[in-house]
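**Student:** What follows is upload-v8.cif; its format and atoms are mmCIF, C-alpha atoms and all ligand atoms.
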data_query
#
loop_
_atom_site.label_atom_id
_atom_site.label_comp_id
_atom_site.auth_asym_id
_atom_site.auth_seq_id
_atom_site.Cartn_x
_atom_site.Cartn_y
_atom_site.Cartn_z
CA MET A 28 26.99 -23.21 -4.63
CA ASP A 29 24.78 -22.36 -1.70
CA PHE A 30 21.31 -20.80 -1.92
CA ALA A 31 22.51 -17.19 -1.62
CA SER A 32 25.35 -17.54 -4.20
CA ARG A 33 22.99 -19.03 -6.77
CA LEU A 34 20.43 -16.27 -6.18
CA ILE A 35 23.05 -13.52 -6.46
CA ALA A 36 24.46 -15.01 -9.69
CA TRP A 37 20.96 -15.35 -11.13
CA GLN A 38 20.10 -11.77 -10.12
CA ARG A 39 23.11 -10.43 -12.01
CA THR A 40 21.82 -11.70 -15.33
CA HIS A 41 18.08 -12.08 -14.81
CA GLY A 42 17.15 -9.65 -12.03
CA ARG A 43 15.83 -6.11 -12.21
CA HIS A 44 18.49 -3.42 -12.37
CA ASP A 45 16.64 -0.32 -13.47
CA LEU A 46 14.12 0.30 -10.69
CA PRO A 47 14.15 4.02 -9.82
CA TRP A 48 15.02 3.40 -6.15
CA GLN A 49 17.96 1.05 -6.79
CA GLY A 50 21.19 2.53 -5.47
CA ALA A 51 19.24 5.41 -3.91
CA ASP A 52 19.69 6.87 -0.42
CA ALA A 53 17.93 5.58 2.69
CA TYR A 54 15.03 8.01 2.26
CA GLN A 55 14.14 6.70 -1.21
CA VAL A 56 14.73 3.08 -0.22
CA TRP A 57 12.38 3.61 2.74
CA LEU A 58 9.76 5.26 0.51
CA SER A 59 9.94 2.43 -2.05
CA GLU A 60 9.72 -0.25 0.64
CA ILE A 61 6.56 1.35 2.08
CA MET A 62 4.95 1.83 -1.34
CA LEU A 63 5.77 -1.76 -2.34
CA GLN A 64 3.89 -3.22 0.63
CA GLN A 65 0.79 -4.95 -0.85
CA THR A 66 1.46 -3.20 -4.17
CA GLN A 67 3.17 -4.30 -7.40
CA VAL A 68 6.30 -2.66 -8.77
CA SER A 69 4.61 -1.50 -12.00
CA THR A 70 1.92 0.34 -9.99
CA VAL A 71 4.46 1.85 -7.60
CA ILE A 72 6.92 3.33 -10.13
CA PRO A 73 4.86 6.38 -11.29
CA TYR A 74 3.73 7.10 -7.72
CA PHE A 75 7.31 6.89 -6.50
CA GLN A 76 8.55 9.25 -9.21
CA ARG A 77 5.84 11.85 -8.56
CA PHE A 78 6.42 11.61 -4.81
CA VAL A 79 10.17 12.11 -5.07
CA ALA A 80 9.71 15.00 -7.52
CA SER A 81 7.44 16.79 -5.01
CA PHE A 82 9.27 15.72 -1.84
CA PRO A 83 12.91 15.25 -2.88
CA ALA A 84 14.20 15.00 0.69
CA ILE A 85 12.94 14.17 4.17
CA ALA A 86 12.85 17.90 5.07
CA ALA A 87 10.42 18.58 2.19
CA LEU A 88 8.22 15.68 3.25
CA ALA A 89 8.20 16.81 6.87
CA ALA A 90 7.31 20.36 5.83
CA ALA A 91 4.36 19.22 3.67
CA THR A 92 0.84 19.02 5.04
CA GLU A 93 -0.71 15.61 5.55
CA GLU A 94 -3.19 16.52 2.85
CA GLN A 95 -0.45 17.13 0.28
CA VAL A 96 1.10 13.78 1.14
CA LEU A 97 -2.23 11.94 0.90
CA ALA A 98 -2.98 13.62 -2.44
CA HIS A 99 0.24 12.00 -3.73
CA TRP A 100 -0.86 8.67 -2.24
CA SER A 101 -4.37 8.89 -3.69
CA GLY A 102 -5.15 5.71 -5.63
CA LEU A 103 -2.32 3.66 -4.08
CA GLY A 104 -4.54 2.40 -1.23
CA TYR A 105 -3.68 1.49 2.37
CA TYR A 106 -3.52 5.18 3.26
CA ALA A 107 -2.20 4.57 6.78
CA ARG A 108 1.11 3.97 4.97
CA GLY A 109 1.10 7.56 3.68
CA ARG A 110 0.09 8.99 7.07
CA ASN A 111 2.78 6.98 8.87
CA LEU A 112 5.40 8.01 6.32
CA HIS A 113 4.56 11.66 6.92
CA ALA A 114 4.54 11.23 10.71
CA ALA A 115 7.90 9.44 10.54
CA ALA A 116 9.40 12.23 8.38
CA ARG A 117 8.38 14.74 11.05
CA ILE A 118 9.97 12.61 13.77
CA ILE A 119 13.17 12.36 11.72
CA ALA A 120 13.14 16.13 11.15
CA GLY A 121 12.77 16.78 14.89
CA LYS A 122 14.61 13.96 16.63
CA HIS A 123 17.28 13.09 14.07
CA HIS A 124 17.92 16.58 12.61
CA GLY A 125 16.43 15.58 9.25
CA LYS A 126 18.90 12.73 8.70
CA PHE A 127 17.53 9.23 8.24
CA PRO A 128 18.54 7.32 11.40
CA ARG A 129 21.48 5.00 10.89
CA GLU A 130 20.72 2.42 13.62
CA PHE A 131 18.33 -0.49 13.04
CA GLU A 132 16.64 0.03 16.44
CA GLN A 133 16.06 3.72 15.73
CA ILE A 134 14.53 2.88 12.36
CA LEU A 135 12.27 0.30 13.97
CA GLU A 136 10.87 2.96 16.31
CA LEU A 137 9.48 4.99 13.41
CA PRO A 138 5.76 4.64 12.66
CA GLY A 139 4.87 2.19 9.89
CA ILE A 140 8.25 0.39 9.90
CA GLY A 141 8.39 -3.25 10.99
CA ARG A 142 11.31 -5.63 11.36
CA SER A 143 11.50 -6.64 7.68
CA THR A 144 11.24 -3.08 6.33
CA ALA A 145 13.88 -1.78 8.77
CA ALA A 146 16.16 -4.67 7.75
CA ALA A 147 15.60 -4.00 4.03
CA ILE A 148 16.54 -0.34 4.49
CA CYS A 149 19.73 -1.26 6.40
CA ALA A 150 20.66 -3.93 3.84
CA LEU A 151 19.89 -1.96 0.66
CA ALA A 152 21.07 1.48 1.76
CA TRP A 153 24.05 0.51 3.93
CA HIS A 154 24.78 -3.12 2.98
CA GLU A 155 24.24 -4.28 6.55
CA ARG A 156 23.94 -8.04 6.97
CA ARG A 157 20.25 -8.39 7.81
CA ALA A 158 17.51 -10.83 6.84
CA ILE A 159 14.19 -9.67 5.43
CA LEU A 160 10.86 -11.47 5.39
CA ASP A 161 8.28 -9.71 3.27
CA GLY A 162 5.40 -11.49 1.52
CA ASN A 163 7.55 -12.58 -1.44
CA VAL A 164 10.34 -13.94 0.72
CA LYS A 165 7.88 -15.81 2.93
CA ARG A 166 6.54 -17.57 -0.15
CA VAL A 167 9.99 -18.42 -1.54
CA LEU A 168 11.28 -19.75 1.79
CA ALA A 169 8.12 -21.69 2.62
CA ARG A 170 8.58 -23.52 -0.70
CA TYR A 171 12.36 -23.81 -0.76
CA CYS A 172 12.56 -25.04 2.84
CA GLY A 173 9.28 -27.00 2.67
CA ILE A 174 7.69 -25.21 5.62
CA ALA A 175 4.01 -26.04 5.95
CA GLY A 176 1.47 -23.99 7.93
CA SER A 177 0.23 -20.51 7.19
CA PRO A 178 2.93 -17.79 7.44
CA SER A 179 0.29 -15.71 9.23
CA GLU A 180 0.73 -18.05 12.24
CA LYS A 181 3.38 -16.90 14.72
CA VAL A 182 5.16 -20.28 14.94
CA VAL A 183 5.40 -20.59 11.17
CA GLU A 184 6.62 -17.03 10.85
CA ALA A 185 9.28 -17.71 13.48
CA GLN A 186 10.49 -20.75 11.47
CA LEU A 187 10.67 -18.62 8.34
CA TRP A 188 12.70 -15.92 10.15
CA GLN A 189 15.06 -18.63 11.36
CA GLN A 190 15.61 -19.87 7.80
CA ALA A 191 15.94 -16.31 6.48
CA GLU A 192 18.75 -15.69 9.01
CA ALA A 193 20.42 -19.06 8.35
CA LEU A 194 20.55 -18.53 4.56
CA LEU A 195 22.09 -15.02 4.75
CA PRO A 196 25.37 -14.71 2.86
CA GLN A 197 28.45 -13.11 4.42
CA ARG A 198 28.79 -10.53 1.63
CA ASP A 199 26.87 -9.00 -1.32
CA ILE A 200 23.94 -8.47 0.98
CA ALA A 201 22.19 -5.79 -1.10
CA ALA A 202 22.38 -7.96 -4.23
CA TYR A 203 21.05 -10.92 -2.23
CA ILE A 204 18.08 -8.97 -0.83
CA GLN A 205 17.25 -7.69 -4.31
CA ALA A 206 17.61 -11.23 -5.68
CA GLN A 207 15.10 -12.59 -3.17
CA MET A 208 12.63 -9.87 -4.10
CA ASP A 209 13.16 -10.46 -7.84
CA LEU A 210 12.84 -14.23 -7.52
CA GLY A 211 9.53 -13.86 -5.66
CA ALA A 212 8.20 -11.35 -8.17
CA THR A 213 9.35 -12.89 -11.44
CA LEU A 214 9.77 -16.68 -10.95
CA CYS A 215 8.41 -17.91 -7.64
CA MET A 216 5.03 -16.23 -8.06
CA ARG A 217 1.93 -17.14 -6.11
CA SER A 218 0.39 -18.98 -9.05
CA LYS A 219 2.20 -20.72 -11.91
CA PRO A 220 5.78 -20.30 -10.62
CA LYS A 221 8.44 -20.84 -13.27
CA CYS A 222 10.37 -23.57 -11.48
CA GLY A 223 12.02 -24.67 -14.74
CA GLU A 224 13.96 -21.38 -14.81
CA CYS A 225 14.67 -21.22 -11.09
CA PRO A 226 18.32 -21.23 -9.91
CA VAL A 227 17.45 -23.11 -6.71
CA SER A 228 15.07 -25.76 -8.06
CA SER A 229 17.61 -28.59 -7.59
CA ASP A 230 17.20 -28.47 -3.80
CA CYS A 231 13.85 -26.70 -3.46
CA ILE A 232 11.86 -29.05 -1.21
CA ALA A 233 8.47 -28.01 -2.60
CA PHE A 234 9.60 -28.54 -6.20
CA GLN A 235 11.40 -31.79 -5.52
CA SER A 236 8.45 -33.23 -3.61
CA GLY A 237 5.73 -31.95 -5.95
CA ARG A 238 4.21 -29.63 -3.32
CA VAL A 239 4.71 -26.25 -5.00
CA SER A 240 0.98 -25.63 -5.35
CA GLU A 241 0.40 -26.50 -1.65
CA LEU A 242 3.02 -24.14 -0.21
CA PRO A 243 2.85 -21.74 1.42
CA THR A 244 -0.23 -23.10 3.19
CA PRO A 245 -3.06 -20.62 2.63
CA ARG A 246 -4.33 -18.59 5.58
CA PRO A 247 -7.43 -20.29 7.09
CA ARG A 248 -10.40 -18.93 5.18
CA LYS A 249 -12.57 -16.56 7.14
CA THR A 250 -15.80 -15.22 5.75
CA VAL A 251 -15.30 -11.55 4.98
CA PRO A 252 -18.02 -9.40 6.55
CA GLU A 253 -19.99 -7.28 4.09
CA ARG A 254 -21.16 -3.74 4.77
CA HIS A 255 -23.31 -1.31 2.83
CA THR A 256 -23.01 2.43 2.60
CA THR A 257 -24.47 5.35 0.67
CA PHE A 258 -22.42 8.29 -0.58
CA LEU A 259 -24.33 11.47 -1.21
CA LEU A 260 -22.92 13.16 -4.30
CA LEU A 261 -24.22 16.69 -3.80
CA MET A 262 -23.67 18.65 -6.97
CA HIS A 263 -24.06 22.30 -7.73
CA GLY A 264 -23.28 22.74 -11.39
CA ASN A 265 -19.98 20.91 -11.74
CA ASP A 266 -19.01 21.39 -8.07
CA ILE A 267 -19.25 18.58 -5.56
CA LEU A 268 -19.35 18.72 -1.75
CA LEU A 269 -16.50 16.84 -0.02
CA GLU A 270 -15.86 16.31 3.68
CA LYS A 271 -12.55 15.66 5.38
CA ARG A 272 -12.61 12.41 7.31
CA PRO A 273 -11.25 12.11 10.85
CA GLY A 274 -7.50 11.46 11.09
CA SER A 275 -7.78 7.78 12.03
CA GLY A 276 -9.88 4.93 10.66
CA ILE A 277 -10.71 4.09 7.06
CA TRP A 278 -9.49 6.74 4.64
CA GLY A 279 -8.37 8.85 7.61
CA GLY A 280 -7.59 12.47 6.66
CA MET A 281 -8.86 12.04 3.10
CA TRP A 282 -11.72 13.82 1.32
CA CYS A 283 -14.98 11.99 0.62
CA PRO A 284 -18.58 12.92 -0.20
CA PRO A 285 -20.91 12.75 2.86
CA GLN A 286 -21.36 9.08 3.80
CA PHE A 287 -24.40 7.41 5.37
CA ASP A 288 -25.57 3.96 6.42
CA ASP A 289 -28.33 3.96 3.80
CA GLU A 290 -30.30 6.12 1.41
CA ALA A 291 -32.95 7.01 4.01
CA ALA A 292 -30.28 8.44 6.34
CA ALA A 293 -28.77 10.38 3.44
CA LYS A 294 -32.11 11.87 2.48
CA ASP A 295 -32.92 12.66 6.10
CA TRP A 296 -29.64 14.64 6.44
CA PHE A 297 -30.40 16.34 3.16
CA MET A 298 -33.85 17.47 4.32
CA ARG A 299 -32.59 18.56 7.75
CA ASN A 300 -30.12 20.83 6.03
CA GLY A 301 -32.99 22.46 4.11
CA MET A 302 -31.62 21.70 0.68
CA VAL A 303 -33.61 22.11 -2.50
CA ALA A 304 -32.87 19.83 -5.39
CA SER A 305 -33.91 18.14 -8.54
CA ASP A 306 -34.67 14.43 -8.18
CA GLY A 307 -31.91 12.20 -6.88
CA ASP A 308 -30.17 9.93 -9.32
CA ARG A 309 -28.95 6.49 -8.18
CA LEU A 310 -25.63 5.61 -9.79
CA GLU A 311 -24.59 2.00 -10.11
CA THR A 312 -23.72 0.24 -6.85
CA PHE A 313 -20.16 -1.12 -6.72
CA SER A 314 -17.93 -2.86 -4.20
CA HIS A 315 -14.58 -2.11 -2.64
CA THR A 316 -12.65 -4.77 -0.73
CA PHE A 317 -10.64 -3.89 2.37
CA THR A 318 -8.41 -6.31 4.25
CA HIS A 319 -11.15 -7.11 6.78
CA PHE A 320 -14.43 -6.43 5.01
CA LYS A 321 -16.16 -5.76 1.74
CA LEU A 322 -17.98 -2.47 1.29
CA HIS A 323 -20.92 -2.16 -1.10
CA ILE A 324 -21.19 1.47 -2.15
CA SER A 325 -24.41 3.06 -3.45
CA PRO A 326 -23.82 6.57 -4.79
CA LEU A 327 -26.82 8.90 -4.77
CA LYS A 328 -26.35 11.99 -6.93
CA ILE A 329 -28.43 15.06 -6.19
CA GLN A 330 -28.19 18.20 -8.30
CA LEU A 331 -28.80 21.27 -6.13
CA THR A 332 -30.29 24.53 -7.33
CA SER A 333 -28.24 26.54 -4.81
CA LYS A 334 -25.30 25.87 -2.50
CA PRO A 335 -26.62 25.50 1.04
CA LEU A 336 -24.58 27.36 3.65
CA SER A 337 -25.39 24.69 6.21
CA ALA A 338 -23.44 22.10 4.23
CA ALA A 339 -20.31 24.24 4.01
CA GLN A 340 -18.99 23.63 7.55
CA PRO A 341 -15.31 23.67 8.49
CA GLY A 342 -13.87 20.39 7.26
CA SER A 343 -16.01 20.43 4.13
CA MET A 344 -15.53 22.12 0.78
CA TRP A 345 -17.01 22.47 -2.67
CA LEU A 346 -14.67 21.54 -5.47
CA ASP A 347 -14.99 21.33 -9.19
CA VAL A 348 -15.01 17.60 -10.10
CA GLY A 349 -11.74 17.98 -12.05
CA GLU A 350 -10.03 19.63 -9.06
CA ALA A 351 -11.51 17.04 -6.70
CA LEU A 352 -9.82 14.32 -8.74
CA ARG A 353 -6.46 15.90 -7.86
CA ALA A 354 -7.25 16.09 -4.12
CA ALA A 355 -6.48 13.49 -1.43
CA ILE A 356 -9.32 11.10 -2.26
CA PRO A 357 -9.51 7.32 -1.88
CA THR A 358 -9.93 5.01 -4.89
CA PRO A 359 -13.73 4.42 -4.66
CA VAL A 360 -14.30 8.21 -4.54
CA ARG A 361 -12.08 8.54 -7.62
CA SER A 362 -14.29 5.95 -9.38
CA MET A 363 -17.45 7.90 -8.49
CA LEU A 364 -15.95 11.20 -9.65
CA ASN A 365 -14.84 9.63 -12.94
CA GLU A 366 -18.38 8.30 -13.35
CA LEU A 367 -19.75 11.80 -12.78
CA ARG A 368 -17.35 13.20 -15.37
CA ARG A 369 -18.42 10.60 -17.91
CA GLY A 370 -22.13 11.02 -17.16
S1 LIG B 401 11.82 -24.18 -7.63
FE1 LIG B 401 9.86 -23.22 -7.95
S2 LIG B 401 8.91 -23.25 -5.92
FE2 LIG B 401 11.07 -23.62 -5.62
S3 LIG B 401 11.92 -21.61 -5.20
FE3 LIG B 401 12.14 -21.97 -7.39
S4 LIG B 401 10.33 -21.08 -8.34
FE4 LIG B 401 9.93 -21.27 -6.15
#
Would you encode the structure as C-alpha cells?
**Tutor:**
Amino acid sequence: MDFASRLIAWQRTHGRHDLPWQGADAYQVWLSEIMLQQTQVSTVIPYFQRFVASFPAIAALAAATEEQVLAHWSGLGYYARGRNLHAAARIIAGKHHGKFPREFEQILELPGIGRSTAAAICALAWHERRAILDGNVKRVLARYCGIAGSPSEKVVEAQLWQQAEALLPQRDIAAYIQAQMDLGATLCMRSKPKCGECPVSSDCIAFQSGRVSELPTPRPRKTVPERHTTFLLLMHGNDILLEKRPGSGIWGGMWCPPQFDDEAAAKDWFMRNGMVASDGDRLETFSHTFTHFKLHISPLKIQLTSKPLSAAQPGSMWLDVGEALRAAIPTPVRSMLNELRRG
C-alpha cells in the first residue's frame, strides 16, 4: 500500500472523528483552520464552539463589530487572525454575496488565508484534490521523506510542497488530509514520536536511518530581543481604566491599560493628568513571549480617590474588573486582571 492508503486506513480506526468542525461547511472549516494555526485542538474546541454559537454564519460574523469578534478571540493569541477573519467575512458579504467563495484562487485572495489553508478548505469542504503543508505536515514529510534543512527556508519548503503534491491520493482526499493532521498531532509529534505505532514506519527515511530526532532540522537559533514595559493599572474602586489600541500592531484593536516604556513615564503621565491617588503598588513582573520578542511586563497599580475626566478620552473607558475580563483583552491583560481580582 502506498503512503496515502496506509494513512487513510490508519485514520479510519485511530484518527479523530468527533471534532466539532468535521463534516461542517466551508465557513466552519475555514474558522477551525484559522484557529488551529499555532494552537492545539484541545484549546481551540471551546473557542470554536462559542464563536459558532455567536456567529453561526458568515453574515453574522460580517455584521459583528471588530470588538465583538476580538472579545471571542480573547485568550487565543495571535489576534491578527481574528481581525483578518472579520475582514474576510466582510469581503465575502460584499463581494461574494455572503457565500464562501468556491474557487481556490478566490479563497487565496482573502486576508489571513495562505496556500495551505485555502487548500485545506477546498479539500475538507469540497473534497478537491489539493495538497496541504501546515506545521504538522511539514514535520511528517521532512521525516518520512528524509528532507534535511529548516522548513522555514524557501528551498526546503519548496521540496516539501513537491513531496506533498507527489504523495496525494486520487480519491478520499478529505480523509487523507485529516489523516495527515491526526498523524502529526497524535503520533509524529515534535518530541517523542510514537514510531512503533506509525502506519508508515516501514519506509519512513528518518525512522529507518535513526534520524527522527534530527528532522525536521530546527530553524537557525536567533537570540530573541527582550523589551520592558509598564502597565498602569488605574483603579477607582473596582473599576479599571482601559484604552483601545490602534487597529494594527501588537494587540491591535484590543483593550489594554495605559502602557509606558517604564515606571517614570507612567508616573509622569499620571501627574500631568492631575490625578490624586494612594501610593502605587508594584505587582509582580512577568513575561510574555511573542514570535519575535519577549516582553517583560511590570504592572503598577494605583488606586484613585476620584475618576479624572482627563483620563476618560474617546478610545478609553472605565470598566468593572469582572466586565473587563469579558472584553476584547489580550492574554497578559487577562493575567493582570485576574491578579487584581485575587488581590
Ligand atoms: S515513523 Fe516516526 S518519524 Fe516516521 S512518520 Fe511515523 S511517527 Fe513520524
**Student:** How many Å lie between atom CA of A:Arg43 and atom CA of A:Leu103, rounded to one decimal?
**Tutor:**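 Taking atom CA of A:Arg43 as the start and atom CA of A:Leu103 as the end point, the length is 22.2 Å.
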**Student:** If the limit is 12 Å from any atom of ligand LIG 401 (chain B), counting only C-alpha atoms and all ligand atoms, which residues qualify? Return them as a VMD selection string.
**Tutor:** chain A and resid 30 33 to 34 37 163 to 174 206 to 243
**Student:** Find the distance between atom CA of A:Gly276 and atom CA of A:Tyr106 and write it in Å to one decimal.
**Tutor:** 9.8 Å
**Student:** Between atom CA of A:His99 and atom CA of A:Pro357, measure the distance and give it in Å to one decimal.
**Tutor:**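 According to the coordinates, atom CA of A:His99 and atom CA of A:Pro357 are separated by 11.0 Å.
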**Student:** So that I can see what lies close to A:Ala51, please list as a PyMOL selection string the residues with an atom at most 12 Å from it, counting only C-alpha atoms and leaving out residues fewer than 2 positions away in the same chain.
**Tutor:** chain A and resi 45-49+53-60+79+83-84+148+151-153+201
**Student:** Looking at A:Ile85, A:Met302, A:Ile159, A:Ile267, which one is nearest to A:Phe127, with distances taken over only C-alpha atoms?
**Tutor:**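 Result for the nearest residue to A:Phe127: A:Ile85.
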**Student:** At most 6 Å from (-25.0, 18.3, -6.4), file frame, all atoms listed in the file: which residues, as a PDB file with C-alpha atoms, keeping the file's coordinate frame?
**Tutor:**
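To be explicit, this is the file written out as point.pdb:
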ATOM      1  CA  LEU A 260     -22.920  13.160  -4.300  1.00  0.00           C
ATOM      2  CA  LEU A 261     -24.220  16.690  -3.800  1.00  0.00           C
ATOM      3  CA  MET A 262     -23.670  18.650  -6.970  1.00  0.00           C
ATOM      4  CA  HIS A 263     -24.060  22.300  -7.730  1.00  0.00           C
ATOM      5  CA  ILE A 267     -19.250  18.580  -5.560  1.00  0.00           C
ATOM      6  CA  ILE A 329     -28.430  15.060  -6.190  1.00  0.00           C
ATOM      7  CA  GLN A 330     -28.190  18.200  -8.300  1.00  0.00           C
ATOM      8  CA  LEU A 331     -28.800  21.270  -6.130  1.00  0.00           C
TER       9      LEU A 331
END
**Student:** At a cut-off of 12 Å around the point (-30.2, 0.8, 6.0) (file coordinates), what residues fall inside when counting all atoms listed in the file? I'd like the answer as an MDAnalysis selection string.
**Tutor:** chainID A and resid 254:257 287:294 325
**Student:** List the neighbours of A:Pro326 out to 10 Å using only C-alpha atoms; skip same-chain residues closer than 5 positions along the sequence, and give me the result as a PyMOL selection string.
**Tutor:** chain A and resi 256-260+284+286+290+308-313+360+363
**Student:** Take the selection from the previous step and output its residues with C-alpha atoms, as a PDB file, keeping the file's coordinate frame.
**Tutor:**
ATOM      1  CA  THR A 256     -23.010   2.430   2.600  1.00  0.00           C
ATOM      2  CA  THR A 257     -24.470   5.350   0.670  1.00  0.00           C
ATOM      3  CA  PHE A 258     -22.420   8.290  -0.580  1.00  0.00           C
ATOM      4  CA  LEU A 259     -24.330  11.470  -1.210  1.00  0.00           C
ATOM      5  CA  LEU A 260     -22.920  13.160  -4.300  1.00  0.00           C
ATOM      6  CA  PRO A 284     -18.580  12.920  -0.200  1.00  0.00           C
ATOM      7  CA  GLN A 286     -21.360   9.080   3.800  1.00  0.00           C
ATOM      8  CA  GLU A 290     -30.300   6.120   1.410  1.00  0.00           C
ATOM      9  CA  ASP A 308     -30.170   9.930  -9.320  1.00  0.00           C
ATOM     10  CA  ARG A 309     -28.950   6.490  -8.180  1.00  0.00           C
ATOM     11  CA  LEU A 310     -25.630   5.610  -9.790  1.00  0.00           C
ATOM     12  CA  GLU A 311     -24.590   2.000 -10.110  1.00  0.00           C
ATOM     13  CA  THR A 312     -23.720   0.240  -6.850  1.00  0.00           C
ATOM     14  CA  PHE A 313     -20.160  -1.120  -6.720  1.00  0.00           C
ATOM     15  CA  VAL A 360     -14.300   8.210  -4.540  1.00  0.00           C
ATOM     16  CA  MET A 363     -17.450   7.900  -8.490  1.00  0.00           C
TER      17      MET A 363
END
**Student:** Which residues are near A:Ala107? Cut-off 12 Å, all atoms listed in the file, ignore same chain within fewer than 6 positions. Put them as JSON, numbers by chain.
**Tutor:** {"A": [61, 62, 64, 93, 96, 97, 100, 101, 113, 114, 115, 138, 139, 140, 274, 275, 276, 277, 278, 279, 280, 281, 357]}
